[in-house]
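Reading through the structure tokens given below for one structure.
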Number of protein chains: 2
Amino acid sequence: MTGNMLIAQSGGPSMVINQSLVGAVLAAKASTKIVEIYGALHGIQGIFDERFIDLRAEPEEVLLRVAQTPSSALGSVRRKPTPDDCRALFAILAKRDIRYFFYIGGNDSAETANIIAEEAERQGYDLRCFHIPKTIDNDLLCNDHTPGYGSAARFVACAVRGDDLDNRALGGVKIDVIMGRNAGFLTAAAALARQDPDDGPHLIYLPERPFTVDRFVADVAECMNKYKRCVVAVSEGIRGPDGRAIAESFSTETDAHGNIQLTSGALGENLAAVIRERLKVKRVRADTFGFIQRCFVGIASETDAREARLVGSEAVKAATGGRFRSGTVTITRLPGASYQVDYGIAPLAAVAKHTREMPERYINADGNNVTGLFLDYARPIVGPLPVTARFNQLRGRE
Amino acid sequence: MTGNMLIAQSGGPSMVINQSLVGAVLAAKASTKIVEIYGALHGIQGIFDERFIDLRAEPEEVLLRVAQTPSSALGSVRRKPTPDDCRALFAILAKRDIRYFFYIGGNDSAETANIIAEEAERQGYDLRCFHIPKTIDNDLLCNDHTPGYGSAARFVACAVRGDDLDNRALGGVKIDVIMGRNAGFLTAAAALARQDPDDGPHLIYLPERPFTVDRFVADVAECMNKYKRCVVAVSEGIRGPDGRAIAESFSTETDAHGNIQLTSGALGENLAAVIRERLKVKRVRADTFGFIQRCFVGIASETDAREARLVGSEAVKAATGGRFRSGTVTITRLPGASYQVDYGIAPLAAVAKHTREMPERYINADGNNVTGLFLDYARPIVGPLPVTARFNQLRGRE
């Protein structure tokens, strides 16, 4: 089938989401089946508003520079289409003879693509509809890992490596709050910062295991005892045994003023206050890494960038190949000592709606650290970190 | 004079403070006047506790790797010596025949070096006592700029470049709180993120100019009107017309619970709450960059790293050259179109105690942005940022 193509980006940006966009555009330019290549601005919203740009008109060198630029170059959106939306959509697609649709994003975007694909089927509108995976949370089903994760994880590992060195210099307790509402993969990546056995992060708390303040205080006390300092990586999504977000429990205490919102900033500062009060540690600091985890320039993982480019081109190949009407590109890791992946196509429904959490084997028995298996898993995705070193005479000494 | 050398690091770490340490050690190894090279752990505290390491014993390749490692490899401290401390100090220096003392840090460290130098004079203890400049705040007198600033500024510029792209994708108002209690240099560096005229940061607030919430709200409203989005860089040290820190004024409102401390995290979140409430903007986010601004690995400015190495070796050359008994190394920028600096020696008292602020000419008349002169000043210190790009069709359009 020959026709025009439309591509859009959705959800939270990542450092390599434009690699996928450019990977798809370059593959489309190389295909004889795709005529016009439109980009919709701000995801599905841009289709309703008919805000398109002509991606064929962009010079190759601009495409290549956009590819290495963080955040969504076409703009993003958090809107999910309703069935009514979908009916309106097809009038717009038909008007421009759009026969290839690609949506880059997380599981919500896969769900949107799935709704559109099903509606196309129902209406008898001939459409190839594909989802291109992206999420820094690394929580898509059917994937070994997801483009965007490796680069955000690289930011976290570099930040915590430096932060641990900072904590060595001035001592005390440092708490770093890291993104990931439901899956701990990104917070877990802090463990990649370690080189020596006494390096931080010394404690890692993930949404997958229940968090209690008493246990946290005891863990920090033990670490202070052992190392005279303590660096903690905490997921913004940690939950109590009742399943309620810890960030929420702190926020109700401070909401009365009406001017402190539920943010993960409050989580770190409240955990710091608890340590200050209960352990009488003088120097306790908290940082919340925030949005720069997903959009910092110049720090993308090379592996992540390469894979993100490829999932884009794989989606176009699948869509034009004739074997699939719809689907999502998946990344599978091949068995063996050296890191190698393979790309496949799964049904949209298989990654839509649901997400995955950290597997049990990646979390230690105490639920306050990751295992060596996790490090083996994450290292090749994140790539080698910049070289840092300590004096020989200080290693293992303090 | 032939004798042993002692070097230590003090105050907040930076990304290049170990370049200065290693620069000094390598120069000392090349000098015929310096016998033993001791490093004191945790600054002046390590001298009192006689916690030393032998820096000659560290292999050259370790020194070179430590040089490119952020944070203070010898550990740091925030202690200022009292006159009593000083008397105790000389017994320890004499015991080890230490005749060359180097202290790397900001203006507090220069003051400590000055106290020690004056006390040495008074006691008739023959000592060469030098301060090696370091501060991410860039607030030392007698210097065009200070080692540590360029790299922290590079972090800020990269973070805000990415954050501005993130804000383009999802819209709304984004507030970034940046370090610098009294001087706005680091916050000002956010302006280096800009490439296109409509790029953020759109507003920059510095401690040098009085901040009022009303004016801030009006500025953001104007920006939202113009660009439909707004990225704001705010110094943690912004002050009201009464000279009181804005962060403090917010914190008294929330202190009643006893569990929210005075931190710059609260500043960003409260400013965000004000915008949400008064401008009815739906998406308002705040990040506080925190400690990773000064210790992130792999992002140091090349110019900053080179200069930090050189101020270390210049200090040793001055100390062993015979012309000075004490002093601090200064960086002067040479006039001319291409960036070039010269190193000199100033008296310790000239940089001790007092600090400098941003010159008037670097701040715009409205006090909510920097001038082109500031960009010209900061660009060569920070170096070129990683390449990023937007689609041609979107430039100047939204």
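Ordered as shown in the structure tokens, chains take letters A, B, and onward, while each chain numbers its residues from 1 and ligands are numbered from 1 in the order shown.
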### Query
Near Ala153 of chain B, within 7 Å and counting only C-alpha atoms, which residues show up once chain neighbours fewer than 5 positions away are dropped, as a PyMOL selection string?
chain B and resi 186+189+382
For the selection just defined, write its residues with all heavy atoms to a file, as a short mmCIF file (atom, residue, chain, number, x, y, z; two decimals), in the first residue's frame.
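As written to disk, result.cif reads:
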data_model
loop_
_atom_site.label_atom_id
_atom_site.label_comp_id
_atom_site.auth_asym_id
_atom_site.auth_seq_id
_atom_site.Cartn_x
_atom_site.Cartn_y
_atom_site.Cartn_z
N LEU B 186 26.19 32.03 38.96
CA LEU B 186 25.83 30.67 38.54
C LEU B 186 24.42 30.64 37.95
O LEU B 186 24.19 29.99 36.91
CB LEU B 186 25.96 29.71 39.73
CG LEU B 186 25.92 28.23 39.38
CD1 LEU B 186 26.95 27.88 38.32
CD2 LEU B 186 26.13 27.37 40.63
N ALA B 189 24.31 31.93 34.45
CA ALA B 189 24.83 31.02 33.43
C ALA B 189 23.71 30.26 32.72
O ALA B 189 23.91 29.71 31.62
CB ALA B 189 25.83 30.04 34.04
N VAL B 382 32.83 28.65 30.06
CA VAL B 382 31.95 27.48 30.09
C VAL B 382 32.23 26.56 28.90
O VAL B 382 32.10 25.34 29.00
CB VAL B 382 30.47 27.94 30.10
CG1 VAL B 382 29.52 26.78 29.91
CG2 VAL B 382 30.18 28.68 31.41
#
### Task
Report as a ChimeraX atom specification: the residues of segment 133-225 of chain B with a DSSP assignment of strand (DSSP E or B), based on the backbone of this structure.
/B:133,172-178,203-205
Using the selection just defined, write its residues with C-alpha atoms as an mmCIF file, in the first residue's frame.
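Output contents, as saved in part.cif:
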data_model
loop_
_atom_site.group_PDB
_atom_site.id
_atom_site.type_symbol
_atom_site.label_atom_id
_atom_site.label_comp_id
_atom_site.auth_asym_id
_atom_site.auth_seq_id
_atom_site.Cartn_x
_atom_site.Cartn_y
_atom_site.Cartn_z
ATOM 1 C CA PRO B 133 41.195 29.810 44.525
ATOM 2 C CA GLY B 172 3.370 25.738 31.158
ATOM 3 C CA VAL B 173 5.750 27.384 33.603
ATOM 4 C CA LYS B 174 9.001 25.838 34.801
ATOM 5 C CA ILE B 175 11.038 27.303 37.661
ATOM 6 C CA ASP B 176 14.649 26.224 38.189
ATOM 7 C CA VAL B 177 16.316 27.149 41.467
ATOM 8 C CA ILE B 178 20.080 27.474 41.158
ATOM 9 C CA LEU B 203 13.413 35.266 33.124
ATOM 10 C CA ILE B 204 16.454 35.267 35.429
ATOM 11 C CA TYR B 205 16.328 36.464 39.034
#
### Task
Name all residues at most 12 Å from Ala233 of chain B (count only C-alpha atoms; drop same-chain ones fewer than 2 positions away) and give them as a ChimeraX atom specification.
/B:156-157,159-161,163-164,173-180,184-193,200-207,216,220,230-231,235-238,268,271,286-289,368-370
### Query
For chain B, which residues have at least one atom within 6 Å of chain A, if we go by only C-alpha atoms? Write them as a ChimeraX atom specification, please.
/B:65-66,69,71-72,75-76,158-159,162,165-166,169-170,259,273,287,290,292,295-298,386,388-390
### Query
as a PyMOL selection string, which residues of segment 60-242 of chain A does DSSP assign to helix (DSSP H, G or I)?
chain A and resi 60-67+83-95+107-123+149-170+185-193+213-227
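For Arg309 of chain B, the residues within 8 Å (counting only C-alpha atoms, excluding itself and residues fewer than 2 positions away along the chain) are Gln19, Ser20, Leu21, Val22, Gly23, Ala24, Ala305, Arg306, Glu307, Val311, Gly312 and Ser313 of chain B.
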Selection file, N, CA, C and O atoms, as an mmCIF file, in the first residue's frame:
data_model
loop_
_atom_site.group_PDB
_atom_site.id
_atom_site.type_symbol
_atom_site.label_atom_id
_atom_site.label_comp_id
_atom_site.auth_asym_id
_atom_site.auth_seq_id
_atom_site.Cartn_x
_atom_site.Cartn_y
_atom_site.Cartn_z
ATOM 1 N N GLN B 19 41.811 19.170 40.226
ATOM 2 C CA GLN B 19 42.775 19.629 39.216
ATOM 3 C C GLN B 19 43.791 20.540 39.904
ATOM 4 O O GLN B 19 45.009 20.430 39.656
ATOM 5 N N SER B 20 43.323 21.426 40.754
ATOM 6 C CA SER B 20 44.224 22.344 41.458
ATOM 7 C C SER B 20 45.152 21.579 42.401
ATOM 8 O O SER B 20 46.347 21.864 42.486
ATOM 9 N N LEU B 21 44.575 20.604 43.094
ATOM 10 C CA LEU B 21 45.379 19.775 43.996
ATOM 11 C C LEU B 21 46.481 19.068 43.223
ATOM 12 O O LEU B 21 47.668 19.109 43.594
ATOM 13 N N VAL B 22 46.114 18.447 42.130
ATOM 14 C CA VAL B 22 47.091 17.675 41.354
ATOM 15 C C VAL B 22 48.077 18.616 40.650
ATOM 16 O O VAL B 22 49.264 18.313 40.546
ATOM 17 N N GLY B 23 47.592 19.764 40.206
ATOM 18 C CA GLY B 23 48.496 20.766 39.627
ATOM 19 C C GLY B 23 49.583 21.154 40.613
ATOM 20 O O GLY B 23 50.769 21.259 40.260
ATOM 21 N N ALA B 24 49.199 21.356 41.864
ATOM 22 C CA ALA B 24 50.163 21.721 42.903
ATOM 23 C C ALA B 24 51.114 20.560 43.190
ATOM 24 O O ALA B 24 52.333 20.749 43.328
ATOM 25 N N ALA B 305 38.853 23.253 33.762
ATOM 26 C CA ALA B 305 39.754 22.187 34.232
ATOM 27 C C ALA B 305 41.216 22.597 34.025
ATOM 28 O O ALA B 305 42.054 22.420 34.905
ATOM 29 N N ARG B 306 41.497 23.157 32.861
ATOM 30 C CA ARG B 306 42.877 23.564 32.544
ATOM 31 C C ARG B 306 43.337 24.673 33.487
ATOM 32 O O ARG B 306 44.434 24.631 34.039
ATOM 33 N N GLU B 307 42.478 25.643 33.699
ATOM 34 C CA GLU B 307 42.834 26.772 34.562
ATOM 35 C C GLU B 307 42.979 26.331 36.013
ATOM 36 O O GLU B 307 43.857 26.818 36.737
ATOM 37 N N VAL B 311 46.250 27.069 38.305
ATOM 38 C CA VAL B 311 46.341 27.859 39.549
ATOM 39 C C VAL B 311 47.045 27.045 40.632
ATOM 40 O O VAL B 311 47.744 27.609 41.488
ATOM 41 N N GLY B 312 46.891 25.714 40.585
ATOM 42 C CA GLY B 312 47.631 24.856 41.520
ATOM 43 C C GLY B 312 49.130 24.943 41.314
ATOM 44 O O GLY B 312 49.907 25.146 42.259
ATOM 45 N N SER B 313 49.545 24.792 40.063
ATOM 46 C CA SER B 313 50.998 24.819 39.817
ATOM 47 C C SER B 313 51.566 26.231 40.001
ATOM 48 O O SER B 313 52.685 26.395 40.485
#
#### Entry: Distance of atom CA of Ala315 of chain A from atom CA of Tyr343 of chain A, expressed in Å to one decimal place
9.6 Å
#### Entry: A:Val232, A:Val16, A:Glu50, A:Tyr377 ranked by distance to Val284 of chain A, top pick (using only C-alpha atoms)
A:Val232
### Which of B:Pro197, B:Pro241, B:Gly148, B:Gly105 sits closest to His131 of chain B [using only C-alpha atoms]
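When distances to His131 of chain B are compared using only C-alpha atoms, the smallest one comes from B:Gly105.
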### Query
A:Ala221, A:Asp199, A:Arg79, A:Thr328: which is nearest Arg395 of chain A, counting only C-alpha atoms?
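Counting only C-alpha atoms, the residue closest to Arg395 of chain A is A:Asp199.
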### Shell around Gly106 of chain A at 10 Å using only C-alpha atoms, local window under 4 positions removed, as an NGL selection string
:A and (9-12 or 110-111 or 131-140 or 146-147 or 351-353 or 355)
### Query
Contacts of Arg361 of chain A at 9 Å or less, counting only C-alpha atoms, minus same-chain residues fewer than 5 places along, as a list of chain:residue names?
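Contacts, with the query itself left out: A:Val370, A:Thr371, A:Leu373, A:Phe374.
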### Task
Determine, counting only C-alpha atoms, which protein, DNA and RNA residues have an atom within 8 Å of an atom of Thr2 of chain A; residues of the same chain fewer than 2 positions away are not included. Present the result as a list of chain:residue names.
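So the residues in contact are A:Asn4, A:Thr32, A:Lys33, A:Ile34, A:Val35, A:Arg99.
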